[in-house]
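Have a look at query21.cif below; it lists mmCIF, C-alpha atoms and all ligand atoms.
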```
data_input
loop_
_atom_site.label_atom_id
_atom_site.label_comp_id
_atom_site.auth_asym_id
_atom_site.auth_seq_id
_atom_site.Cartn_x
_atom_site.Cartn_y
_atom_site.Cartn_z
CA MET U 1 41.83 -162.58 -18.57
CA GLU U 2 38.79 -160.28 -18.65
CA LYS U 3 35.75 -161.15 -16.58
CA PHE U 4 32.40 -161.29 -18.43
CA LYS U 5 29.84 -158.59 -17.78
CA THR U 6 26.25 -159.83 -17.41
CA GLU U 7 24.27 -156.67 -16.68
CA LYS U 8 21.48 -157.46 -19.16
CA SER U 9 21.00 -160.90 -17.61
CA LYS U 10 20.67 -159.27 -14.23
CA ALA U 11 18.12 -156.72 -15.44
CA LEU U 12 16.05 -159.38 -17.23
CA PHE U 13 15.99 -161.56 -14.13
CA GLU U 14 14.77 -158.65 -12.03
CA GLN U 15 11.83 -158.20 -14.43
CA THR U 16 11.07 -161.88 -14.91
CA ARG U 17 10.98 -162.76 -11.23
CA LEU U 18 8.05 -160.38 -10.79
CA VAL U 19 5.86 -162.50 -13.08
CA LEU U 20 7.47 -165.96 -13.16
CA VAL U 21 7.79 -167.95 -9.94
CA ASP U 22 11.45 -167.91 -8.85
CA GLY U 23 12.27 -166.09 -12.12
CA VAL U 24 13.17 -169.40 -13.78
CA ALA U 25 11.19 -172.24 -15.36
CA SER U 26 12.90 -175.01 -13.35
CA SER U 27 14.62 -174.57 -9.99
CA PHE U 28 17.85 -175.96 -11.48
CA HIS U 29 18.02 -173.07 -13.96
CA LYS U 30 19.36 -170.83 -11.19
CA ALA U 31 22.00 -172.12 -8.81
CA ALA U 32 21.33 -171.55 -5.11
CA ASP U 33 24.41 -169.36 -4.74
CA GLU U 34 23.67 -167.19 -7.79
CA ASP U 35 22.09 -163.75 -7.35
CA TYR U 36 20.72 -164.09 -10.87
CA PRO U 37 21.20 -166.66 -13.63
CA VAL U 38 22.92 -165.89 -16.90
CA CYS U 39 20.12 -165.36 -19.44
CA LEU U 40 20.81 -167.29 -22.65
CA GLU U 41 19.84 -166.20 -26.13
CA ARG U 42 20.97 -169.27 -28.10
CA GLY U 43 23.23 -172.29 -28.22
CA TYR U 44 25.21 -173.76 -31.08
CA GLY U 45 27.56 -176.76 -31.04
CA SER U 46 29.61 -176.72 -27.83
CA LYS U 47 28.80 -173.08 -27.02
CA VAL U 48 26.00 -170.95 -25.64
CA TYR U 49 25.55 -167.18 -25.98
CA ASP U 50 23.98 -164.86 -23.42
CA VAL U 51 21.94 -161.68 -23.84
CA ASP U 52 25.04 -159.55 -23.09
CA GLY U 53 26.78 -161.08 -26.12
CA ASN U 54 29.14 -163.36 -24.17
CA GLU U 55 30.16 -166.72 -25.63
CA TYR U 56 30.58 -169.64 -23.19
CA ILE U 57 32.10 -173.07 -23.72
CA ASP U 58 29.36 -175.19 -22.24
CA TYR U 59 29.58 -178.36 -20.13
CA ILE U 60 26.01 -178.18 -18.79
CA ALA U 61 24.41 -179.48 -22.00
CA ALA U 62 21.02 -178.10 -20.93
CA PHE U 63 21.24 -180.52 -17.95
CA GLY U 64 22.18 -183.47 -20.14
CA PRO U 65 20.13 -183.66 -23.34
CA MET U 66 22.63 -181.96 -25.69
CA LEU U 67 24.88 -184.97 -26.27
CA LEU U 68 25.07 -183.98 -29.95
CA GLY U 69 25.70 -180.34 -29.02
CA TYR U 70 23.24 -177.45 -29.35
CA CYS U 71 21.19 -177.23 -32.59
CA PRO U 72 22.27 -180.65 -33.89
CA ASP U 73 21.70 -180.41 -37.62
CA ALA U 74 21.00 -184.12 -38.18
CA VAL U 75 18.18 -183.97 -35.63
CA ASN U 76 16.77 -180.57 -36.55
CA GLN U 77 16.48 -181.44 -40.25
CA VAL U 78 14.40 -184.52 -39.48
CA VAL U 79 12.26 -182.56 -37.02
CA ILE U 80 11.62 -179.82 -39.60
CA LYS U 81 10.39 -182.48 -42.06
CA GLN U 82 8.14 -183.91 -39.37
CA LEU U 83 6.72 -180.47 -38.54
CA ALA U 84 5.49 -180.23 -42.12
CA LYS U 85 3.59 -183.49 -41.53
CA GLY U 86 2.22 -182.53 -38.11
CA SER U 87 3.80 -181.81 -34.74
CA GLN U 88 1.24 -183.96 -32.95
CA LEU U 89 -0.98 -186.75 -34.25
CA ALA U 90 -1.77 -188.78 -31.09
CA ALA U 91 -2.00 -191.92 -33.20
CA ALA U 92 -0.01 -194.95 -34.28
CA THR U 93 2.68 -193.89 -36.78
CA PRO U 94 5.19 -195.92 -38.85
CA GLU U 95 8.10 -194.18 -37.09
CA LEU U 96 6.91 -195.53 -33.71
CA TYR U 97 7.63 -199.02 -34.97
CA ARG U 98 11.06 -198.00 -36.28
CA LEU U 99 12.08 -196.35 -33.01
CA SER U 100 10.74 -199.15 -30.82
CA LYS U 101 12.53 -201.75 -32.93
CA LEU U 102 15.77 -199.77 -32.78
CA LEU U 103 15.59 -199.42 -28.99
CA THR U 104 15.05 -203.16 -28.58
CA GLU U 105 18.15 -203.71 -30.71
CA ILE U 106 20.49 -201.39 -28.85
CA ILE U 107 19.43 -201.61 -25.19
CA PRO U 108 20.26 -204.93 -23.53
CA CYS U 109 17.17 -205.14 -21.27
CA ALA U 110 14.74 -203.91 -23.96
CA GLU U 111 12.42 -206.66 -25.09
CA LYS U 112 9.63 -204.07 -25.23
CA VAL U 113 9.43 -200.30 -24.75
CA SER U 114 6.90 -197.61 -23.90
CA TYR U 115 7.05 -193.82 -24.06
CA GLN U 116 6.60 -190.78 -21.84
CA ASN U 117 7.78 -187.19 -22.02
CA SER U 118 10.08 -186.75 -19.03
CA GLY U 119 12.24 -188.79 -16.71
CA THR U 120 9.96 -187.96 -13.78
CA GLU U 121 6.91 -189.46 -15.47
CA ALA U 122 8.77 -192.45 -16.87
CA ASN U 123 10.13 -193.41 -13.44
CA LEU U 124 6.62 -193.18 -11.96
CA HIS U 125 5.38 -195.46 -14.70
CA ALA U 126 8.23 -197.89 -14.00
CA PHE U 127 7.16 -198.02 -10.32
CA ARG U 128 3.63 -198.90 -11.39
CA LEU U 129 4.89 -201.62 -13.72
CA ALA U 130 6.98 -203.13 -10.93
CA ARG U 131 4.00 -203.10 -8.55
CA ALA U 132 1.70 -204.66 -11.12
CA TYR U 133 4.22 -207.36 -11.99
CA THR U 134 5.12 -208.34 -8.41
CA GLY U 135 1.84 -207.59 -6.64
CA LYS U 136 3.95 -205.80 -3.99
CA GLN U 137 4.03 -202.12 -2.97
CA LYS U 138 7.32 -200.89 -1.54
CA LEU U 139 10.32 -199.42 -3.32
CA ILE U 140 13.94 -199.26 -2.31
CA LYS U 141 15.56 -195.95 -3.20
CA PHE U 142 19.10 -194.85 -2.36
CA GLU U 143 19.98 -191.65 -0.53
CA GLY U 144 21.45 -188.88 -2.67
CA GLN U 145 19.78 -190.16 -5.84
CA TYR U 146 17.33 -188.07 -7.84
CA HIS U 147 14.65 -189.72 -9.96
CA GLY U 148 12.31 -186.77 -10.54
CA TRP U 149 10.25 -184.19 -8.74
CA ALA U 150 7.08 -186.18 -7.90
CA ASP U 151 6.08 -186.76 -4.25
CA GLU U 152 7.24 -190.37 -4.23
CA GLU U 153 10.54 -189.57 -5.96
CA LYS U 154 11.75 -186.43 -4.23
CA VAL U 155 12.77 -188.19 -1.04
CA SER U 156 16.30 -188.08 0.43
CA ILE U 157 17.77 -186.67 -2.76
CA ASP U 158 20.02 -184.30 -0.86
CA ALA U 159 21.11 -183.31 2.65
CA ASP U 160 23.06 -180.52 4.30
CA SER U 161 25.07 -182.92 6.43
CA VAL U 162 25.49 -186.61 7.19
CA ARG U 163 23.75 -186.04 10.52
CA ASP U 164 20.58 -185.06 8.65
CA LEU U 165 20.56 -188.46 6.96
CA GLY U 166 20.17 -190.24 10.29
CA ASP U 167 21.25 -193.75 11.15
CA ARG U 168 23.12 -195.59 8.38
CA GLU U 169 21.19 -198.82 9.01
CA ALA U 170 17.82 -197.04 9.01
CA PRO U 171 18.22 -193.70 7.23
CA ARG U 172 15.79 -190.90 7.88
CA LYS U 173 13.45 -189.97 5.03
CA LEU U 174 14.06 -186.40 3.93
CA TYR U 175 11.41 -184.43 2.05
CA HIS U 176 12.45 -181.56 -0.14
CA SER U 177 9.40 -179.53 -1.03
CA LYS U 178 6.69 -177.66 0.73
CA GLY U 179 3.36 -179.21 -0.21
CA GLN U 180 4.92 -182.62 -0.76
CA ARG U 181 2.46 -185.30 0.35
CA GLN U 182 4.58 -187.36 2.68
CA GLU U 183 2.20 -190.34 2.82
CA THR U 184 3.05 -191.15 -0.81
CA ALA U 185 6.58 -191.91 0.36
CA ASP U 186 5.41 -194.31 3.10
CA ASP U 187 6.20 -197.12 0.68
CA VAL U 188 9.72 -195.85 -0.03
CA ILE U 189 12.59 -197.45 1.88
CA ILE U 190 15.79 -195.39 1.88
CA LEU U 191 19.22 -197.03 2.00
CA PRO U 192 22.85 -195.99 1.43
CA TRP U 193 24.27 -197.00 -1.97
CA ASN U 194 27.16 -199.37 -2.71
CA ASP U 195 26.34 -201.54 0.32
CA LEU U 196 25.12 -205.00 -0.64
CA ALA U 197 25.22 -206.38 2.91
CA LEU U 198 22.78 -203.76 4.20
CA LEU U 199 20.53 -204.23 1.19
CA GLU U 200 20.45 -207.97 1.75
CA GLN U 201 19.55 -207.47 5.42
CA VAL U 202 16.52 -205.42 4.39
CA LEU U 203 15.51 -207.78 1.58
CA SER U 204 15.80 -210.84 3.78
CA LYS U 205 13.26 -209.32 6.21
CA GLN U 206 10.96 -207.36 3.90
CA ALA U 207 11.22 -208.81 0.40
CA GLY U 208 7.60 -209.96 0.63
CA GLU U 209 6.57 -206.29 0.48
CA ILE U 210 9.19 -204.87 -1.90
CA ALA U 211 8.28 -204.43 -5.56
CA ALA U 212 11.38 -202.70 -6.89
CA ILE U 213 14.85 -201.39 -6.33
CA ILE U 214 15.45 -198.20 -8.27
CA THR U 215 18.98 -196.96 -8.80
CA GLU U 216 21.10 -194.90 -11.09
CA PRO U 217 23.83 -197.29 -12.32
CA ILE U 218 26.29 -194.45 -11.72
CA MET U 219 25.22 -191.98 -9.04
CA CYS U 220 25.39 -189.07 -11.43
CA ASP U 221 23.48 -186.63 -9.30
CA SER U 222 25.99 -186.84 -6.44
CA GLY U 223 29.63 -186.67 -7.10
CA PRO U 224 29.16 -188.54 -9.43
CA ILE U 225 29.79 -191.71 -7.42
CA LEU U 226 30.84 -194.87 -9.24
CA PRO U 227 29.50 -198.36 -8.50
CA GLN U 228 32.12 -200.39 -6.67
CA PRO U 229 33.35 -203.47 -8.55
CA GLY U 230 30.65 -206.15 -8.39
CA TYR U 231 28.02 -203.85 -6.87
CA LEU U 232 25.66 -203.71 -9.86
CA ALA U 233 26.03 -207.46 -10.45
CA GLY U 234 25.27 -207.95 -6.74
CA LEU U 235 22.13 -205.83 -7.06
CA ARG U 236 21.08 -207.96 -10.01
CA GLU U 237 21.62 -211.16 -8.08
CA LEU U 238 19.75 -209.98 -4.97
CA ALA U 239 16.84 -208.61 -7.01
CA THR U 240 16.44 -211.93 -8.81
CA ARG U 241 16.79 -213.97 -5.60
CA TYR U 242 14.16 -211.92 -3.74
CA ARG U 243 11.83 -211.46 -6.76
CA VAL U 244 12.16 -207.71 -6.81
CA VAL U 245 12.18 -205.70 -10.06
CA LEU U 246 15.52 -204.00 -10.68
CA ILE U 247 15.05 -200.58 -12.29
CA PHE U 248 18.01 -198.69 -13.70
CA ASP U 249 17.33 -194.97 -13.94
CA GLU U 250 19.40 -194.25 -17.05
CA VAL U 251 18.03 -190.74 -17.50
CA ILE U 252 21.61 -189.41 -17.31
CA THR U 253 23.72 -192.45 -18.21
CA GLY U 254 21.48 -193.37 -21.15
CA PHE U 255 23.36 -193.01 -24.46
CA ARG U 256 26.14 -191.13 -22.66
CA VAL U 257 28.34 -193.95 -21.36
CA ALA U 258 27.56 -196.33 -24.23
CA LEU U 259 24.89 -196.65 -26.92
CA GLY U 260 23.19 -199.32 -24.80
CA GLY U 261 23.55 -197.27 -21.61
CA ALA U 262 25.34 -198.13 -18.38
CA GLN U 263 23.81 -201.62 -18.53
CA GLN U 264 25.90 -202.25 -21.64
CA TYR U 265 28.98 -200.56 -20.15
CA TYR U 266 28.85 -202.60 -16.92
CA GLN U 267 27.23 -205.66 -18.51
CA VAL U 268 24.49 -205.87 -15.90
CA VAL U 269 20.97 -206.13 -17.29
CA PRO U 270 18.12 -204.68 -15.20
CA ASP U 271 14.45 -205.66 -15.54
CA LEU U 272 13.44 -202.12 -16.46
CA ALA U 273 15.40 -199.06 -17.52
CA VAL U 274 14.29 -195.47 -17.92
CA PHE U 275 15.72 -193.11 -20.53
CA ALA U 276 15.08 -189.38 -21.08
CA LYS U 277 17.41 -186.35 -21.46
CA ALA U 278 19.86 -187.34 -24.26
CA ILE U 279 17.50 -189.73 -26.05
CA ALA U 280 16.12 -187.11 -28.43
CA GLY U 281 18.87 -184.55 -29.09
CA GLY U 282 17.27 -181.80 -27.01
CA TYR U 283 13.56 -182.51 -27.58
CA PRO U 284 11.39 -183.59 -24.62
CA PHE U 285 11.00 -187.35 -24.77
CA ALA U 286 11.36 -190.38 -22.50
CA ALA U 287 11.21 -194.15 -22.81
CA ILE U 288 10.98 -197.18 -20.56
CA ALA U 289 12.63 -200.34 -21.81
CA GLY U 290 12.36 -203.70 -20.16
CA LYS U 291 11.81 -207.39 -19.98
CA ARG U 292 8.68 -208.52 -21.80
CA ALA U 293 7.07 -210.09 -18.70
CA VAL U 294 7.32 -206.85 -16.69
CA MET U 295 6.44 -204.54 -19.57
CA ASP U 296 3.38 -206.70 -20.28
CA ALA U 297 2.18 -206.63 -16.66
CA GLY U 298 -1.06 -204.95 -17.72
CA VAL U 299 -0.15 -201.31 -17.02
CA HIS U 300 -1.17 -199.09 -19.86
CA ALA U 301 0.82 -195.98 -20.72
CA SER U 302 -1.48 -192.98 -21.06
CA GLY U 303 -0.59 -189.45 -22.03
CA THR U 304 -1.65 -187.09 -24.82
CA PHE U 305 1.90 -186.44 -25.94
CA ASN U 306 3.31 -189.96 -25.41
CA GLY U 307 5.27 -191.01 -28.48
CA ASN U 308 4.62 -187.63 -30.10
CA PRO U 309 5.90 -187.48 -33.69
CA VAL U 310 8.45 -184.72 -33.05
CA GLY U 311 10.00 -186.60 -30.14
CA VAL U 312 10.00 -189.86 -32.08
CA ALA U 313 11.62 -188.24 -35.13
CA ALA U 314 14.21 -186.56 -32.92
CA ALA U 315 14.96 -189.78 -31.03
CA LEU U 316 15.39 -191.75 -34.25
CA ALA U 317 17.73 -189.14 -35.71
CA THR U 318 19.71 -188.92 -32.44
CA LEU U 319 20.17 -192.66 -32.07
CA GLU U 320 21.06 -193.12 -35.74
CA THR U 321 23.68 -190.38 -35.39
CA LEU U 322 25.10 -192.07 -32.30
CA GLN U 323 25.30 -195.40 -34.15
CA ALA U 324 27.93 -194.03 -36.56
CA GLU U 325 31.34 -195.62 -36.21
CA GLY U 326 33.76 -193.99 -33.80
CA VAL U 327 31.28 -191.72 -31.99
CA TYR U 328 31.87 -193.20 -28.53
CA GLU U 329 35.64 -193.47 -29.01
CA ARG U 330 35.72 -189.79 -29.92
CA LEU U 331 33.54 -188.86 -26.91
CA GLU U 332 35.81 -190.82 -24.59
CA PHE U 333 38.89 -189.18 -26.16
CA ILE U 334 37.60 -185.65 -25.68
CA SER U 335 36.37 -186.38 -22.14
CA ARG U 336 39.78 -187.78 -21.21
CA LEU U 337 41.54 -184.78 -22.70
CA LEU U 338 39.55 -182.51 -20.42
CA THR U 339 39.58 -184.58 -17.23
CA GLU U 340 43.26 -185.53 -17.49
CA GLY U 341 44.04 -181.87 -18.18
CA ILE U 342 42.13 -180.81 -15.06
CA THR U 343 43.93 -183.45 -12.99
CA ALA U 344 47.33 -182.22 -14.23
CA LEU U 345 46.45 -178.60 -13.41
CA ALA U 346 45.16 -179.58 -9.98
CA CYS U 347 48.48 -181.28 -9.33
CA LYS U 348 50.38 -178.17 -10.46
CA TYR U 349 48.32 -175.91 -8.19
CA GLN U 350 48.18 -178.42 -5.30
CA GLU U 351 44.41 -178.51 -5.44
CA THR U 352 42.96 -181.82 -4.18
CA VAL U 353 40.48 -183.09 -6.77
CA PHE U 354 39.12 -186.37 -8.05
CA CYS U 355 38.56 -185.96 -11.78
CA THR U 356 37.78 -188.71 -14.26
CA CYS U 357 35.23 -189.63 -16.93
CA ILE U 358 33.06 -192.41 -18.25
CA GLY U 359 31.99 -191.94 -21.84
CA SER U 360 30.76 -188.37 -22.13
CA ILE U 361 30.20 -187.84 -18.39
CA GLY U 362 33.02 -186.17 -16.51
CA ILE U 363 33.43 -186.21 -12.74
CA LEU U 364 35.04 -183.38 -10.78
CA VAL U 365 35.04 -183.46 -6.98
CA PHE U 366 37.07 -181.08 -4.84
CA GLY U 367 38.57 -182.15 -1.52
CA MET U 368 38.90 -185.83 -2.48
CA ASN U 369 41.47 -187.76 -4.50
CA LYS U 370 39.48 -190.97 -4.90
CA PRO U 371 35.83 -191.70 -5.63
CA ALA U 372 33.38 -191.53 -2.74
CA ALA U 373 31.83 -194.86 -1.79
CA ASP U 374 28.43 -193.37 -1.10
CA PHE U 375 26.53 -190.17 -0.53
CA ARG U 376 27.52 -190.00 3.14
CA GLU U 377 31.23 -190.15 2.35
CA PHE U 378 30.71 -187.60 -0.42
CA LEU U 379 28.90 -185.20 1.94
CA GLU U 380 31.57 -185.64 4.60
CA GLN U 381 34.64 -185.27 2.41
CA ALA U 382 33.80 -183.30 -0.74
CA ALA U 383 34.66 -179.60 -0.64
CA LEU U 384 31.31 -178.46 -2.04
CA LEU U 385 31.90 -174.78 -1.37
CA ARG U 386 35.21 -174.89 -3.21
CA TYR U 387 33.49 -176.50 -6.19
CA GLN U 388 30.87 -173.72 -6.16
CA GLN U 389 33.62 -171.08 -6.16
CA PHE U 390 35.31 -172.91 -9.05
CA VAL U 391 32.06 -172.95 -11.07
CA LYS U 392 31.40 -169.26 -10.42
CA LYS U 393 34.89 -168.17 -11.40
CA ALA U 394 34.99 -170.38 -14.51
CA ARG U 395 31.68 -168.89 -15.65
CA GLU U 396 33.03 -165.36 -15.25
CA TYR U 397 35.77 -166.31 -17.75
CA GLY U 398 33.42 -168.03 -20.21
CA VAL U 399 33.24 -171.70 -19.22
CA ARG U 400 29.98 -173.13 -17.85
CA PHE U 401 29.92 -176.12 -15.49
CA THR U 402 26.88 -177.46 -13.69
CA ALA U 403 26.43 -175.97 -10.24
CA ARG U 404 25.34 -179.31 -8.86
CA ARG U 405 28.05 -181.52 -7.49
CA GLY U 406 30.69 -181.92 -10.12
CA ARG U 407 29.09 -183.45 -13.16
CA ILE U 408 30.58 -182.46 -16.53
CA TYR U 409 28.69 -183.14 -19.75
CA LEU U 410 30.73 -183.47 -22.94
CA SER U 411 29.21 -183.59 -26.43
CA THR U 412 30.16 -184.74 -29.89
CA GLN U 413 30.69 -181.05 -30.73
CA HIS U 414 33.44 -180.28 -28.21
CA THR U 415 36.72 -179.79 -30.02
CA GLU U 416 40.32 -180.03 -28.93
CA ALA U 417 40.47 -176.23 -29.20
CA ASP U 418 37.53 -175.98 -26.75
CA ILE U 419 39.37 -178.18 -24.29
CA GLN U 420 42.61 -176.15 -24.61
CA LYS U 421 40.70 -172.93 -23.98
CA THR U 422 38.81 -174.49 -21.08
CA LEU U 423 42.08 -175.61 -19.48
CA GLN U 424 43.51 -172.09 -19.79
CA VAL U 425 40.48 -170.77 -17.91
CA ILE U 426 40.78 -173.51 -15.29
CA GLU U 427 44.45 -172.66 -14.78
CA GLN U 428 43.46 -169.06 -14.10
CA VAL U 429 40.70 -170.22 -11.74
CA PHE U 430 43.02 -172.56 -9.79
CA ALA U 431 45.57 -169.75 -9.48
CA GLU U 432 42.88 -167.44 -8.08
CA LEU U 433 41.55 -170.10 -5.71
CA GLN U 434 45.02 -170.76 -4.37
CA GLY U 435 45.69 -167.05 -4.01
CA GLY U 436 42.41 -166.66 -2.14
CA LEU U 437 41.21 -164.19 -4.76
C1 LIG Q 501 18.83 -189.49 -12.76
C2 LIG Q 501 17.61 -188.69 -13.08
N1 LIG Q 501 16.42 -189.30 -13.12
C3 LIG Q 501 15.29 -188.63 -13.40
C4 LIG Q 501 15.32 -187.28 -13.66
C5 LIG Q 501 14.04 -186.54 -13.96
O1 LIG Q 501 13.98 -186.30 -15.32
P1 LIG Q 501 13.11 -185.07 -15.89
O2 LIG Q 501 13.80 -183.82 -15.46
O3 LIG Q 501 13.14 -185.30 -17.38
O4 LIG Q 501 11.75 -185.22 -15.32
C6 LIG Q 501 16.54 -186.60 -13.64
C7 LIG Q 501 16.60 -185.15 -13.93
O5 LIG Q 501 17.57 -184.48 -13.76
C8 LIG Q 501 17.72 -187.32 -13.34
O6 LIG Q 501 18.91 -186.71 -13.28
#
```

Using structure tokens, write down the structure from this file.
Ligand SMILES: Cc1ncc(COP(=O)(O)O)c(C=O)c1O
Amino acid sequence: MEKFKTEKSKALFEQTRLVLVDGVASSFHKAADEDYPVCLERGYGSKVYDVDGNEYIDYIAAFGPMLLGYCPDAVNQVVIKQLAKGSQLAAATPELYRLSKLLTEIIPCAEKVSYQNSGTEANLHAFRLARAYTGKQKLIKFEGQYHGWADEEKVSIDADSVRDLGDREAPRKLYHSKGQRQETADDVIILPWNDLALLEQVLSKQAGEIAAIITEPIMCDSGPILPQPGYLAGLRELATRYRVVLIFDEVITGFRVALGGAQQYYQVVPDLAVFAKAIAGGYPFAAIAGKRAVMDAGVHASGTFNGNPVGVAAALATLETLQAEGVYERLEFISRLLTEGITALACKYQETVFCTCIGSIGILVFGMNKPAADFREFLEQAALLRYQQFVKKAREYGVRFTARRGRIYLSTQHTEADIQKTLQVIEQVFAELQGGL
């Protein structure tokens, strides 16, 4: 197999970094171990194409939104029609009713909805709703989970080692950005995930101050780590008992594990849920869905571009496409084909991996053969460096995986031929890893 050459990407990065901070528009666009990121020219279906003319089979999905693949025709056609009517109106529109009604029909917790433009904003709005509804201030957030880049959110999202996380019973708060105002996180309580006993201990002492528990229903940003049987139902029960708002951050799981999100998949209904990424087929858009009493707590959603007509049109087209019969069965089929193929190859090359999928989210962790229980176990046991080497080598042969901790995004556009080709590349990569190449 020939390795891809990416000289033009390199040259472009050298120029761009002189005028654009970090040379990329979001820190995730360049992996920490990359000298320069591959510079993309376009994406179509399951593939992306770089400025050097290389074609990649893509499992990054632009960090999640491209559930219908790149350039989804059904979405783009509707957006083009909307552009002729106005890209922005900042007003009530008939489509807002249609989308809101549709969301209340497909998402279990959605008695009412509101709109934002990114997951970061929508989670902040959810915090405010929870505080208004309960009259309390504090939030419980779990270590290793990412809910956005705002001061209050970017706390304990990552760590270099378990030691950095501090005591399990009273984890240390970790801040991740220079300039981050730490006082805003005074109201954030950090806990390990998948541990109901510890959560109950904290709630039994401090519930009078705690407005919300925010969690990803699957810890997609680490591992991903799966909820242990009964954990989400336990969260639901504790939140109700202690009068705390349960927020599911479904920014990644939303529309990927089931049309109604992870809450439908696991049959646990939160009070509020936040959706972004895949909701609008690649257009920036976010929604909060929730119980009427919480949504009507008197917090008004403000924002010039909230519910903008392009996002609304794109979301309607995306959700209507996903409603077609067989879409989720097909996604599950193609995800299984890939993850079972990787597992078989790992076995052949005696590479220890845990690889599985839920809906269109794949999980690939090196150094473990079962799911991690929480972020601490993941940090202790996962072979993160090996995963990085795997990602780098696969990219050199034309397959793109996310650099962050083993999440694989499938789309409706991945074909069986894509999976076969991907597995050939992975076989080559495993052989090289074993040979120490
Ligand atoms: C689980 C989760 N929540 C929230 C966010 C923030 O969303 P956005 O990047 O749209 O602000 C992300 C982004 O990656 C995420 O993965």

Please report, as AutoDock Vina command-line options, the centre and edge lengths in Å to one decimal of an axis-aligned box covering all listed atoms of region 228-236 of chain U with 8 Å per side.
```
--center_x 27.2 --center_y -204.2 --center_z -8.6 --size_x 28.3 --size_y 23.6 --size_z 19.8
```

Query - Non-local contacts of region 239-251 of chain U (9 Å; all atoms listed in the file; under 4 positions in same chain excluded) as a ChimeraX atom specification - result: /U:64,119,123,126-127,130-131,133-134,136,147,203-204,207-208,210-218,234-235,255,261-263,269-279,286,290,294

Write a file of the just-selected residues containing C-alpha atoms, as a PDB file, in the coordinates of the input.
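Done, and the output landed in result-v6.pdb:
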```
ATOM      1  CA  GLY U  64      22.180-183.470 -20.140  1.00  0.00           C
ATOM      2  CA  GLY U 119      12.240-188.790 -16.710  1.00  0.00           C
ATOM      3  CA  ASN U 123      10.130-193.410 -13.440  1.00  0.00           C
ATOM      4  CA  ALA U 126       8.230-197.890 -14.000  1.00  0.00           C
ATOM      5  CA  PHE U 127       7.160-198.020 -10.320  1.00  0.00           C
ATOM      6  CA  ALA U 130       6.980-203.130 -10.930  1.00  0.00           C
ATOM      7  CA  ARG U 131       4.000-203.100  -8.550  1.00  0.00           C
ATOM      8  CA  TYR U 133       4.220-207.360 -11.990  1.00  0.00           C
ATOM      9  CA  THR U 134       5.120-208.340  -8.410  1.00  0.00           C
ATOM     10  CA  LYS U 136       3.950-205.800  -3.990  1.00  0.00           C
ATOM     11  CA  HIS U 147      14.650-189.720  -9.960  1.00  0.00           C
ATOM     12  CA  LEU U 203      15.510-207.780   1.580  1.00  0.00           C
ATOM     13  CA  SER U 204      15.800-210.840   3.780  1.00  0.00           C
ATOM     14  CA  ALA U 207      11.220-208.810   0.400  1.00  0.00           C
ATOM     15  CA  GLY U 208       7.600-209.960   0.630  1.00  0.00           C
ATOM     16  CA  ILE U 210       9.190-204.870  -1.900  1.00  0.00           C
ATOM     17  CA  ALA U 211       8.280-204.430  -5.560  1.00  0.00           C
ATOM     18  CA  ALA U 212      11.380-202.700  -6.890  1.00  0.00           C
ATOM     19  CA  ILE U 213      14.850-201.390  -6.330  1.00  0.00           C
ATOM     20  CA  ILE U 214      15.450-198.200  -8.270  1.00  0.00           C
ATOM     21  CA  THR U 215      18.980-196.960  -8.800  1.00  0.00           C
ATOM     22  CA  GLU U 216      21.100-194.900 -11.090  1.00  0.00           C
ATOM     23  CA  PRO U 217      23.830-197.290 -12.320  1.00  0.00           C
ATOM     24  CA  ILE U 218      26.290-194.450 -11.720  1.00  0.00           C
ATOM     25  CA  GLY U 234      25.270-207.950  -6.740  1.00  0.00           C
ATOM     26  CA  LEU U 235      22.130-205.830  -7.060  1.00  0.00           C
ATOM     27  CA  PHE U 255      23.360-193.010 -24.460  1.00  0.00           C
ATOM     28  CA  GLY U 261      23.550-197.270 -21.610  1.00  0.00           C
ATOM     29  CA  ALA U 262      25.340-198.130 -18.380  1.00  0.00           C
ATOM     30  CA  GLN U 263      23.810-201.620 -18.530  1.00  0.00           C
ATOM     31  CA  VAL U 269      20.970-206.130 -17.290  1.00  0.00           C
ATOM     32  CA  PRO U 270      18.120-204.680 -15.200  1.00  0.00           C
ATOM     33  CA  ASP U 271      14.450-205.660 -15.540  1.00  0.00           C
ATOM     34  CA  LEU U 272      13.440-202.120 -16.460  1.00  0.00           C
ATOM     35  CA  ALA U 273      15.400-199.060 -17.520  1.00  0.00           C
ATOM     36  CA  VAL U 274      14.290-195.470 -17.920  1.00  0.00           C
ATOM     37  CA  PHE U 275      15.720-193.110 -20.530  1.00  0.00           C
ATOM     38  CA  ALA U 276      15.080-189.380 -21.080  1.00  0.00           C
ATOM     39  CA  LYS U 277      17.410-186.350 -21.460  1.00  0.00           C
ATOM     40  CA  ALA U 278      19.860-187.340 -24.260  1.00  0.00           C
ATOM     41  CA  ILE U 279      17.500-189.730 -26.050  1.00  0.00           C
ATOM     42  CA  ALA U 286      11.360-190.380 -22.500  1.00  0.00           C
ATOM     43  CA  GLY U 290      12.360-203.700 -20.160  1.00  0.00           C
ATOM     44  CA  VAL U 294       7.320-206.850 -16.690  1.00  0.00           C
TER      45      VAL U 294
END
```

Requested in this report: May I have the protein, DNA and RNA residues with an atom at most 8 Å from (34.9, -185.8, -1.2), counting all atoms listed in the file in the file's coordinates, returned as a ChimeraX atom specification?
Outcome: /U:223,365-372,377-383

Query raised in the report: Which of these residues is nearest to ligand LIG 501 (chain Q), using all atoms listed in the file: U:Glu340, U:Glu14, U:Asp221, U:Asp158?
Result: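 So, comparing all the options, the nearest one is U:Asp221.
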